[in-house]
Structure formats: structure tokens, C-alpha cells
Amino acid sequence: QVQLVESGGGLVQPGGSLRLSCSASGIQFSLYTMGWYRQAPGKERELVALIYSGILTNYADSLKGRFIISRDNAKNTVYLQMNSLKAEDTAVYYCNAKWTGRSYWGQGTQVTVSS
């Protein structure tokens with residue numbers, strides 16, 4: 001049974017930082033492209049960042065320089081370091097694992113940026 005479990009969300013003030021984690025089980029983690037997506041109220045889910053089975057990464061253009069995705073294959077975990085957070089970063093953040101047509105999602109973690 002595949003499980004992706006996100007953690008690390010919460011309430012943060014504008015300009016603050018958060019680190020999200022997504023722990024995976026039931027997959028051969030190192031083979032999968034891992035991604036973070038987010039969905040704000042009333043908006044479609046959008047890509048935040050991807051990290052491929054190696055070290056290559058890809059980011060939404062608007063987030064480059066503020067967000068950093070990384071992975072630890074030994075811990076089956078992918079991270080999203082979010083810096084200089086803005087109110088418009090408020091969303092539910094989802095973890096995704098993708099490989100050869102298979103795609104799995106976590107349940108999401110809420111990030112709220114507000115003073």
C-alpha cells in the first residue's frame with residue numbers, strides 16, 4: 001500500500017520560513033520523480049517544484065529563489081524549504097510521486113501565511 005504523508009505545515013508570518021516533509025512508503029522511492037503542488041482556495045492545483053530520481057530539479061518560475069526542493073533517498077523523504085513566505089503562498093500543499101505512469105498523492109498539509 002502506497003502512502004505519502006506530508007507534515008510541517010502551519011501558520012507563519014509574512015517573510016517567515018517553513019520546511020515541509022513528505023515521507024513515502026510502499027514505493028521504490030529512489031526511482032520516483034517527487035513533486036510538491038499547491039492549491040489555494042478557488043484555484044486549480046499548481047506545480048511548485050519537482051525533483052527527479054537524480055538531483056535535477058524544476059520549479060515554477062514564480063517561486064524560483066524562494067523555495068528549495070530536496071530529497072533523502074535513504075529516508076524515503078522529500079522536503080520543501082519555503083523562505084520569504086508571502087500571503088499568496090497560502091494553500092494546501094500536496095506531495096506527489098510519479099514513475100512510469102503511476103502517480104500517487106498525499107493528503108496535503110495546510111500552509112497559511114498571515115500576520
# chains A, B, ... in the order shown; residues from 1 in each chain; ligands from 1
call {"tool": "residues_around", "arguments": {"residues": "Ile55 of chain A", "least_positions_apart": "2", "cutoff": "9 Å", "atoms": "only C-alpha atoms", "output": "PyMOL selection string"}}
result
chain A and resi 51-53+57+70-71
call {"tool": "write_last_selection", "arguments": {"atoms": "C-alpha atoms", "output": "PDB file, in the first residue's frame"}}
result
ATOM      1  CA  ILE A  51      12.937  16.651  -8.103  1.00  0.00           C
ATOM      2  CA  TYR A  52      13.864  13.774 -10.366  1.00  0.00           C
ATOM      3  CA  SER A  53      15.377  10.472  -9.360  1.00  0.00           C
ATOM      4  CA  THR A  57      15.056  19.947 -10.076  1.00  0.00           C
ATOM      5  CA  SER A  70      15.381  18.254  -1.883  1.00  0.00           C
ATOM      6  CA  ARG A  71      15.190  14.539  -1.227  1.00  0.00           C
TER       7      ARG A  71
END
call {"tool": "residues_around", "arguments": {"residues": "segment 19-23 of chain A", "least_positions_apart": "4", "cutoff": "6 Å", "atoms": "only C-alpha atoms", "output": "ChimeraX atom specification"}}
result
/A:4-8,76-82
call {"tool": "residues_around", "arguments": {"residues": "Leu85 of chain A", "least_positions_apart": "5", "cutoff": "12 Å", "atoms": "only C-alpha atoms", "output": "count of residues only"}}
result
20
call {"tool": "atom_distance", "arguments": {"atom1": "atom CA of Gln110 of chain A", "atom2": "atom CA of Ala60 of chain A"}}
result
19.1 Å
call {"tool": "closest_residue", "arguments": {"among": "A:Met34, A:Cys95, A:Leu47, A:Ala40", "to": "Asn73 of chain A", "atoms": "only C-alpha atoms"}}
result
A:Met34
call {"tool": "residues_around", "arguments": {"residues": "Gln28 of chain A", "least_positions_apart": "4", "cutoff": "12 Å", "atoms": "only C-alpha atoms", "output": "list in words"}}
result
Gln1, Val2, Gln3, Ala24, Tyr32, Thr33, Met34, Ser53, Asn73, Ala74, Lys75, Asn76, Thr77, Ala97, Lys98, Trp99 and Arg102 of chain A
call {"tool": "residues_around", "arguments": {"residues": "Tyr37 of chain A", "least_positions_apart": "6", "cutoff": "10 Å", "atoms": "only C-alpha atoms", "output": "PDB file with C-alpha atoms, in the first residue's frame"}}
result
ATOM      1  CA  ARG A  45      -3.776  22.830  -8.194  1.00  0.00           C
ATOM      2  CA  GLU A  46      -0.424  24.069  -9.490  1.00  0.00           C
ATOM      3  CA  LEU A  47       3.111  22.785  -9.634  1.00  0.00           C
ATOM      4  CA  VAL A  48       5.523  24.127  -7.051  1.00  0.00           C
ATOM      5  CA  ALA A  49       8.638  22.027  -7.643  1.00  0.00           C
ATOM      6  CA  LEU A  50       9.870  18.674  -8.912  1.00  0.00           C
ATOM      7  CA  ALA A  60       7.518  27.126 -11.015  1.00  0.00           C
ATOM      8  CA  ALA A  91      -2.558  26.970   0.137  1.00  0.00           C
ATOM      9  CA  VAL A  92      -2.804  23.275   0.783  1.00  0.00           C
ATOM     10  CA  TYR A  93       0.494  21.729  -0.253  1.00  0.00           C
ATOM     11  CA  TYR A  94       0.453  18.234  -1.717  1.00  0.00           C
ATOM     12  CA  CYS A  95       3.203  15.731  -2.249  1.00  0.00           C
ATOM     13  CA  ASN A  96       3.233  13.658  -5.434  1.00  0.00           C
ATOM     14  CA  TRP A 105      -0.773  11.854  -3.884  1.00  0.00           C
ATOM     15  CA  GLY A 108      -2.000  17.611   1.838  1.00  0.00           C
TER      16      GLY A 108
END
call {"tool": "atom_distance", "arguments": {"atom1": "atom CA of Thr109 of chain A", "atom2": "atom CA of Gly10 of chain A"}}
result
7.9 Å
call {"tool": "select_by_dssp", "arguments": {"residues": "segment 8-73 of chain A", "states": "strand (DSSP E or B)", "output": "ChimeraX atom specification"}}
result
/A:10-12,18-25,33-39,46-51,57-59,67-72
call {"tool": "atom_distance", "arguments": {"atom1": "atom CA of Phe29 of chain A", "atom2": "atom CA of Tyr104 of chain A"}}
result
11.7 Å
call {"tool": "decode", "arguments": {"residues": "segment 8-37 of chain A", "atoms": "N, CA, C and O atoms", "output": "mmCIF file, in the first residue's frame"}}
result
data_model
loop_
_atom_site.group_PDB
_atom_site.id
_atom_site.type_symbol
_atom_site.label_atom_id
_atom_site.label_comp_id
_atom_site.auth_asym_id
_atom_site.auth_seq_id
_atom_site.Cartn_x
_atom_site.Cartn_y
_atom_site.Cartn_z
ATOM 1 N N GLY A 8 4.622 19.442 8.477
ATOM 2 C CA GLY A 8 5.383 20.679 8.539
ATOM 3 C C GLY A 8 4.600 21.931 8.210
ATOM 4 O O GLY A 8 5.139 23.044 8.319
ATOM 5 N N GLY A 9 3.357 21.780 7.802
ATOM 6 C CA GLY A 9 2.560 22.961 7.517
ATOM 7 C C GLY A 9 2.167 23.684 8.787
ATOM 8 O O GLY A 9 2.406 23.214 9.898
ATOM 9 N N GLY A 10 1.556 24.848 8.608
ATOM 10 C CA GLY A 10 1.119 25.616 9.767
ATOM 11 C C GLY A 10 0.930 27.075 9.428
ATOM 12 O O GLY A 10 0.889 27.459 8.250
ATOM 13 N N LEU A 11 0.843 27.870 10.467
ATOM 14 C CA LEU A 11 0.671 29.318 10.335
ATOM 15 C C LEU A 11 2.025 29.998 10.493
ATOM 16 O O LEU A 11 2.753 29.718 11.452
ATOM 17 N N VAL A 12 2.350 30.881 9.561
ATOM 18 C CA VAL A 12 3.615 31.599 9.603
ATOM 19 C C VAL A 12 3.377 33.037 9.182
ATOM 20 O O VAL A 12 2.479 33.312 8.365
ATOM 21 N N GLN A 13 4.168 33.938 9.726
ATOM 22 C CA GLN A 13 4.036 35.346 9.362
ATOM 23 C C GLN A 13 4.685 35.628 8.018
ATOM 24 O O GLN A 13 5.625 34.914 7.619
ATOM 25 N N PRO A 14 4.230 36.638 7.322
ATOM 26 C CA PRO A 14 4.898 37.022 6.059
ATOM 27 C C PRO A 14 6.385 37.257 6.292
ATOM 28 O O PRO A 14 6.783 37.852 7.298
ATOM 29 N N GLY A 15 7.181 36.749 5.363
ATOM 30 C CA GLY A 15 8.632 36.828 5.487
ATOM 31 C C GLY A 15 9.258 35.654 6.208
ATOM 32 O O GLY A 15 10.486 35.515 6.207
ATOM 33 N N GLY A 16 8.434 34.822 6.799
ATOM 34 C CA GLY A 16 8.947 33.667 7.540
ATOM 35 C C GLY A 16 9.252 32.486 6.644
ATOM 36 O O GLY A 16 9.139 32.553 5.415
ATOM 37 N N SER A 17 9.654 31.395 7.284
ATOM 38 C CA SER A 17 10.049 30.174 6.580
ATOM 39 C C SER A 17 9.340 28.971 7.172
ATOM 40 O O SER A 17 8.974 28.963 8.357
ATOM 41 N N LEU A 18 9.171 27.984 6.335
ATOM 42 C CA LEU A 18 8.660 26.676 6.765
ATOM 43 C C LEU A 18 9.367 25.612 5.949
ATOM 44 O O LEU A 18 9.759 25.856 4.801
ATOM 45 N N ARG A 19 9.503 24.430 6.549
ATOM 46 C CA ARG A 19 10.007 23.291 5.793
ATOM 47 C C ARG A 19 8.967 22.179 5.844
ATOM 48 O O ARG A 19 8.620 21.687 6.925
ATOM 49 N N LEU A 20 8.489 21.807 4.674
ATOM 50 C CA LEU A 20 7.561 20.699 4.565
ATOM 51 C C LEU A 20 8.330 19.407 4.318
ATOM 52 O O LEU A 20 9.373 19.406 3.669
ATOM 53 N N SER A 21 7.779 18.325 4.832
ATOM 54 C CA SER A 21 8.340 16.999 4.608
ATOM 55 C C SER A 21 7.254 16.085 4.064
ATOM 56 O O SER A 21 6.078 16.245 4.390
ATOM 57 N N CYS A 22 7.666 15.150 3.245
ATOM 58 C CA CYS A 22 6.754 14.125 2.736
ATOM 59 C C CYS A 22 7.473 12.787 2.831
ATOM 60 O O CYS A 22 8.485 12.574 2.163
ATOM 61 N N SER A 23 6.928 11.940 3.665
ATOM 62 C CA SER A 23 7.506 10.625 3.866
ATOM 63 C C SER A 23 6.730 9.595 3.061
ATOM 64 O O SER A 23 5.499 9.526 3.151
ATOM 65 N N ALA A 24 7.436 8.812 2.262
ATOM 66 C CA ALA A 24 6.803 7.848 1.370
ATOM 67 C C ALA A 24 7.042 6.421 1.836
ATOM 68 O O ALA A 24 8.104 6.095 2.372
ATOM 69 N N SER A 25 6.051 5.582 1.612
ATOM 70 C CA SER A 25 6.193 4.157 1.877
ATOM 71 C C SER A 25 5.432 3.396 0.812
ATOM 72 O O SER A 25 4.497 3.928 0.189
ATOM 73 N N GLY A 26 5.861 2.161 0.581
ATOM 74 C CA GLY A 26 5.173 1.321 -0.399
ATOM 75 C C GLY A 26 5.628 1.521 -1.832
ATOM 76 O O GLY A 26 5.040 0.943 -2.741
ATOM 77 N N ILE A 27 6.650 2.346 -2.040
ATOM 78 C CA ILE A 27 7.207 2.550 -3.378
ATOM 79 C C ILE A 27 8.727 2.454 -3.304
ATOM 80 O O ILE A 27 9.319 2.612 -2.229
ATOM 81 N N GLN A 28 9.340 2.201 -4.473
ATOM 82 C CA GLN A 28 10.796 2.239 -4.553
ATOM 83 C C GLN A 28 11.170 3.699 -4.769
ATOM 84 O O GLN A 28 11.349 4.173 -5.893
ATOM 85 N N PHE A 29 11.290 4.393 -3.672
ATOM 86 C CA PHE A 29 11.332 5.845 -3.642
ATOM 87 C C PHE A 29 12.365 6.433 -4.603
ATOM 88 O O PHE A 29 12.089 7.420 -5.279
ATOM 89 N N SER A 30 13.538 5.840 -4.667
ATOM 90 C CA SER A 30 14.622 6.432 -5.441
ATOM 91 C C SER A 30 14.312 6.505 -6.930
ATOM 92 O O SER A 30 14.918 7.296 -7.656
ATOM 93 N N LEU A 31 13.363 5.709 -7.402
ATOM 94 C CA LEU A 31 13.028 5.699 -8.827
ATOM 95 C C LEU A 31 12.047 6.805 -9.210
ATOM 96 O O LEU A 31 11.930 7.162 -10.377
ATOM 97 N N TYR A 32 11.352 7.315 -8.212
ATOM 98 C CA TYR A 32 10.232 8.211 -8.471
ATOM 99 C C TYR A 32 10.657 9.670 -8.592
ATOM 100 O O TYR A 32 11.536 10.141 -7.857
ATOM 101 N N THR A 33 10.008 10.361 -9.516
ATOM 102 C CA THR A 33 10.042 11.816 -9.526
ATOM 103 C C THR A 33 9.087 12.298 -8.435
ATOM 104 O O THR A 33 7.904 11.923 -8.424
ATOM 105 N N MET A 34 9.615 13.097 -7.532
ATOM 106 C CA MET A 34 8.814 13.605 -6.426
ATOM 107 C C MET A 34 8.485 15.075 -6.681
ATOM 108 O O MET A 34 9.319 15.846 -7.170
ATOM 109 N N GLY A 35 7.294 15.442 -6.322
ATOM 110 C CA GLY A 35 6.886 16.821 -6.572
ATOM 111 C C GLY A 35 6.059 17.391 -5.446
ATOM 112 O O GLY A 35 5.457 16.652 -4.651
ATOM 113 N N TRP A 36 6.084 18.693 -5.369
ATOM 114 C CA TRP A 36 5.190 19.438 -4.493
ATOM 115 C C TRP A 36 4.265 20.284 -5.367
ATOM 116 O O TRP A 36 4.717 20.938 -6.323
ATOM 117 N N TYR A 37 3.001 20.225 -5.039
ATOM 118 C CA TYR A 37 1.985 21.030 -5.702
ATOM 119 C C TYR A 37 1.222 21.778 -4.616
ATOM 120 O O TYR A 37 1.286 21.426 -3.441
#
